[in-house]
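Here is the structure we will look at.
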Amino acid sequence: MTNEVLLYTNPQSRGRTARWMLEELNVPYQVEVLDYESSMKAPAYRKLNPMGKVPAIVHQGQVVTECSAICAYLAEAFPEAGLAPTPEERASYYRWLFFTAGPLEAAITDSKILGIEVDAEKQRMVGYGSYAAVLDTLSSWFTEHTYVTGERFTAADVYVGSQIAWGVQFGTIEKRIEFIDYANRVTSRDTYKRANAKDDALAEAVQ
């Protein structure tokens, strides 16, 4: 069975994060571009991802969806890249990977996209509490740490870095110095620039 990864994506989607992860691994992969109106919702793709969303990957017959899961899976599937956590790094690696995929994204969606502000009495009922609490919690980590696990870049930084860099750029995350500095560190990587250039070119080609 081939070890090549097949990436289902669209250049105007979270698929950019998955491509960045693949570029970090420096392994062979193929790209299948889907559009939002037809192929992403077609029966053939819904067999892989019933949500009809991208990205998704297929590797050795296994399907993985959700960017955070894709990054974690690929780090373990290709350990030679050195992006999986060491035993000492696992706690912070999984903590902030899931914090970003869960409380951070939910808080951004509610507060900045849907315009929902949770009142004080109901904050205990939602996983993120409040938008401010999520940002305070995450920024406090990056006040004292260079990357998600400390001083070493890992697969968690691909996902967390994508979320923070995108949020700072488009205004869904406050432009705090901790976030700006972290976003600049991760997006200065050649792998990020290479992945971004490929998706930018793809976006122009499919217009």
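Going through the structure tokens in order, the chains are called A, B, and so on, while each chain numbers its residues from 1 and the ligands are numbered from 1 in the order shown.
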### Task
Compile the contact shell of A:Leu22 as a ChimeraX atom specification: residues with an atom at most 9 Å away, counting only C-alpha atoms, same-chain residues fewer than 4 positions apart removed.
/A:5,17-18,26-29,71,74,191,195
Write to file, as a short mmCIF file (atom, residue, chain, number, x, y, z; two decimals), in the first residue's frame, the residues of the selection just made, with N, CA, C and O atoms.
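out-v2.cif, freshly written:
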data_model
loop_
_atom_site.label_atom_id
_atom_site.label_comp_id
_atom_site.auth_asym_id
_atom_site.auth_seq_id
_atom_site.Cartn_x
_atom_site.Cartn_y
_atom_site.Cartn_z
N VAL A 5 0.15 10.55 0.62
CA VAL A 5 -1.04 11.16 1.21
C VAL A 5 -1.85 11.85 0.12
O VAL A 5 -1.30 12.53 -0.74
N THR A 17 -4.04 24.83 6.17
CA THR A 17 -3.32 24.31 7.34
C THR A 17 -2.81 22.90 7.08
O THR A 17 -1.67 22.56 7.42
N ALA A 18 -3.65 22.07 6.48
CA ALA A 18 -3.24 20.70 6.18
C ALA A 18 -2.09 20.68 5.17
O ALA A 18 -1.16 19.87 5.30
N ASN A 26 7.62 17.12 4.38
CA ASN A 26 8.45 16.89 3.20
C ASN A 26 8.28 15.46 2.68
O ASN A 26 9.24 14.74 2.43
N VAL A 27 7.00 15.06 2.53
CA VAL A 27 6.68 13.74 2.00
C VAL A 27 5.82 13.91 0.75
O VAL A 27 5.20 14.95 0.55
N PRO A 28 5.77 12.89 -0.13
CA PRO A 28 4.95 12.99 -1.33
C PRO A 28 3.46 13.07 -0.97
O PRO A 28 2.99 12.36 -0.09
N TYR A 29 2.75 13.94 -1.66
CA TYR A 29 1.30 14.00 -1.48
C TYR A 29 0.65 14.51 -2.76
O TYR A 29 1.26 15.23 -3.55
N CYS A 71 -3.21 17.17 11.63
CA CYS A 71 -1.85 17.52 12.04
C CYS A 71 -1.29 16.49 13.02
O CYS A 71 -0.15 16.03 12.88
N LEU A 74 -0.68 13.04 11.13
CA LEU A 74 0.47 13.05 10.23
C LEU A 74 1.79 13.09 10.99
O LEU A 74 2.78 12.50 10.56
N THR A 191 8.61 26.50 5.12
CA THR A 191 7.53 25.55 4.81
C THR A 191 6.18 26.25 4.74
O THR A 191 5.35 25.93 3.89
N ALA A 195 3.98 26.49 1.30
CA ALA A 195 2.58 26.03 1.26
C ALA A 195 1.64 27.15 0.85
O ALA A 195 0.73 26.95 0.04
#
Tell me, counting only C-alpha atoms, for each residue of stretch 137-200 of chain A within 12 Å of stretch 112-132 of chain A, which pair of atoms is nearest and how far apart they are in Å to one decimal, in rows ordered by chain and increasing number, as JSON lines.
{"residue": "A:Thr137", "atom": "CA", "partner": "A:Ala132", "partner_atom": "CA", "distance": 8.5}
{"residue": "A:Leu138", "atom": "CA", "partner": "A:Ala132", "partner_atom": "CA", "distance": 10.0}
{"residue": "A:Ser139", "atom": "CA", "partner": "A:Ala132", "partner_atom": "CA", "distance": 10.5}
{"residue": "A:Gly167", "atom": "CA", "partner": "A:Lys112", "partner_atom": "CA", "distance": 10.2}
{"residue": "A:Phe170", "atom": "CA", "partner": "A:Lys112", "partner_atom": "CA", "distance": 10.5}
{"residue": "A:Gly171", "atom": "CA", "partner": "A:Lys112", "partner_atom": "CA", "distance": 8.6}
{"residue": "A:Thr172", "atom": "CA", "partner": "A:Lys112", "partner_atom": "CA", "distance": 5.9}
{"residue": "A:Ile173", "atom": "CA", "partner": "A:Lys112", "partner_atom": "CA", "distance": 8.7}
{"residue": "A:Glu174", "atom": "CA", "partner": "A:Ala132", "partner_atom": "CA", "distance": 9.5}
### Query
How many Å separate atom CA of A:Val134 from atom CA of A:Asp190?
29.6 Å
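With distances taken over only C-alpha atoms, A:Thr9 is the one residue among A:Asn49, A:Asn184, A:Thr9, A:Gln163 lying closest to A:Val31.
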### Query
Which residues come within 12 Å of A:Pro55, counting only C-alpha atoms, excluding same-chain residues fewer than 2 positions away, as an NGL selection string?
:A and (6-21 or 31-36 or 40 or 45 or 48-49 or 51-53 or 57-58 or 63-71)
Same residues, N, CA and C atoms, output as a tab-separated table (two decimals), in the first residue's frame:
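Ended up saving to again_22.tsv:
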chain	number	residue	atom	x	y	z
A	6	LEU	N	-3.16	11.68	0.17
A	6	LEU	CA	-4.07	12.38	-0.73
A	6	LEU	C	-4.80	13.44	0.09
A	7	LEU	N	-4.66	14.68	-0.31
A	7	LEU	CA	-5.28	15.81	0.38
A	7	LEU	C	-6.46	16.34	-0.42
A	8	TYR	N	-7.63	16.35	0.18
A	8	TYR	CA	-8.80	16.99	-0.40
A	8	TYR	C	-8.88	18.39	0.21
A	9	THR	N	-8.95	19.39	-0.66
A	9	THR	CA	-8.85	20.75	-0.16
A	9	THR	C	-9.50	21.75	-1.10
A	10	ASN	N	-9.49	22.97	-0.67
A	10	ASN	CA	-9.82	24.14	-1.49
A	10	ASN	C	-8.89	25.24	-1.01
A	11	PRO	N	-8.31	26.01	-1.92
A	11	PRO	CA	-7.32	27.01	-1.47
A	11	PRO	C	-7.90	28.11	-0.60
A	12	GLN	N	-9.22	28.24	-0.59
A	12	GLN	CA	-9.87	29.23	0.28
A	12	GLN	C	-10.54	28.50	1.45
A	13	SER	N	-9.78	27.72	2.16
A	13	SER	CA	-10.34	26.92	3.24
A	13	SER	C	-9.26	26.59	4.27
A	14	ARG	N	-9.68	25.88	5.31
A	14	ARG	CA	-8.73	25.39	6.32
A	14	ARG	C	-7.77	24.37	5.74
A	15	GLY	N	-8.01	23.96	4.51
A	15	GLY	CA	-7.09	23.06	3.85
A	15	GLY	C	-5.68	23.62	3.76
A	16	ARG	N	-5.55	24.94	3.86
A	16	ARG	CA	-4.21	25.55	3.86
A	16	ARG	C	-3.38	25.05	5.04
A	17	THR	N	-4.04	24.83	6.17
A	17	THR	CA	-3.32	24.31	7.34
A	17	THR	C	-2.81	22.90	7.08
A	18	ALA	N	-3.65	22.07	6.48
A	18	ALA	CA	-3.24	20.70	6.18
A	18	ALA	C	-2.09	20.68	5.17
A	19	ARG	N	-2.14	21.55	4.18
A	19	ARG	CA	-1.03	21.60	3.22
A	19	ARG	C	0.26	22.03	3.91
A	20	TRP	N	0.16	23.01	4.78
A	20	TRP	CA	1.34	23.45	5.51
A	20	TRP	C	1.95	22.28	6.28
A	21	MET	N	1.09	21.49	6.93
A	21	MET	CA	1.59	20.33	7.67
A	21	MET	C	2.30	19.36	6.73
A	31	VAL	N	-2.97	16.33	-4.42
A	31	VAL	CA	-4.01	17.27	-4.04
A	31	VAL	C	-5.22	17.09	-4.94
A	32	GLU	N	-6.38	16.97	-4.33
A	32	GLU	CA	-7.65	16.93	-5.04
A	32	GLU	C	-8.43	18.18	-4.62
A	33	VAL	N	-8.64	19.08	-5.59
A	33	VAL	CA	-9.31	20.34	-5.30
A	33	VAL	C	-10.81	20.17	-5.46
A	34	LEU	N	-11.56	20.57	-4.44
A	34	LEU	CA	-13.01	20.50	-4.47
A	34	LEU	C	-13.59	21.91	-4.42
A	35	ASP	N	-14.74	22.09	-5.06
A	35	ASP	CA	-15.40	23.39	-4.97
A	35	ASP	C	-16.58	23.29	-4.01
A	36	TYR	N	-16.96	24.43	-3.48
A	36	TYR	CA	-17.97	24.46	-2.43
A	36	TYR	C	-19.37	24.08	-2.91
A	40	MET	N	-17.67	19.27	-3.37
A	40	MET	CA	-17.54	19.12	-1.93
A	40	MET	C	-18.78	18.48	-1.31
A	45	TYR	N	-17.59	12.33	-2.43
A	45	TYR	CA	-16.80	12.90	-1.34
A	45	TYR	C	-17.47	12.71	0.01
A	48	LEU	N	-16.42	9.94	2.11
A	48	LEU	CA	-15.22	10.16	2.90
A	48	LEU	C	-15.50	11.06	4.10
A	49	ASN	N	-16.20	12.15	3.84
A	49	ASN	CA	-16.53	13.09	4.91
A	49	ASN	C	-18.00	13.49	4.78
A	51	MET	N	-19.72	15.37	6.36
A	51	MET	CA	-19.94	16.79	6.59
A	51	MET	C	-19.87	17.60	5.30
A	52	GLY	N	-19.22	17.04	4.28
A	52	GLY	CA	-19.08	17.78	3.04
A	52	GLY	C	-18.19	19.00	3.18
A	53	LYS	N	-17.16	18.86	4.00
A	53	LYS	CA	-16.22	19.97	4.23
A	53	LYS	C	-14.79	19.50	4.00
A	57	ILE	N	-7.88	13.99	4.52
A	57	ILE	CA	-6.77	13.26	3.92
A	57	ILE	C	-7.10	11.77	3.89
A	58	VAL	N	-6.50	11.10	2.93
A	58	VAL	CA	-6.55	9.65	2.88
A	58	VAL	C	-5.11	9.15	2.87
A	63	VAL	N	-9.09	7.48	6.49
A	63	VAL	CA	-9.57	8.84	6.27
A	63	VAL	C	-9.46	9.63	7.57
A	64	VAL	N	-8.89	10.83	7.46
A	64	VAL	CA	-8.81	11.71	8.62
A	64	VAL	C	-9.37	13.07	8.22
A	65	THR	N	-10.29	13.60	9.04
A	65	THR	CA	-10.81	14.95	8.84
A	65	THR	C	-10.47	15.79	10.07
A	66	GLU	N	-10.77	17.06	10.02
A	66	GLU	CA	-10.52	18.04	11.08
A	66	GLU	C	-9.03	18.37	11.14
A	67	CYS	N	-8.73	19.65	10.97
A	67	CYS	CA	-7.33	20.07	10.85
A	67	CYS	C	-6.46	19.65	12.03
A	68	SER	N	-6.98	19.80	13.22
A	68	SER	CA	-6.17	19.43	14.38
A	68	SER	C	-5.85	17.94	14.37
A	69	ALA	N	-6.84	17.12	14.00
A	69	ALA	CA	-6.62	15.68	13.93
A	69	ALA	C	-5.65	15.32	12.80
A	70	ILE	N	-5.77	16.01	11.69
A	70	ILE	CA	-4.88	15.77	10.55
A	70	ILE	C	-3.44	16.05	10.95
A	71	CYS	N	-3.21	17.17	11.63
A	71	CYS	CA	-1.85	17.52	12.04
A	71	CYS	C	-1.29	16.49	13.02
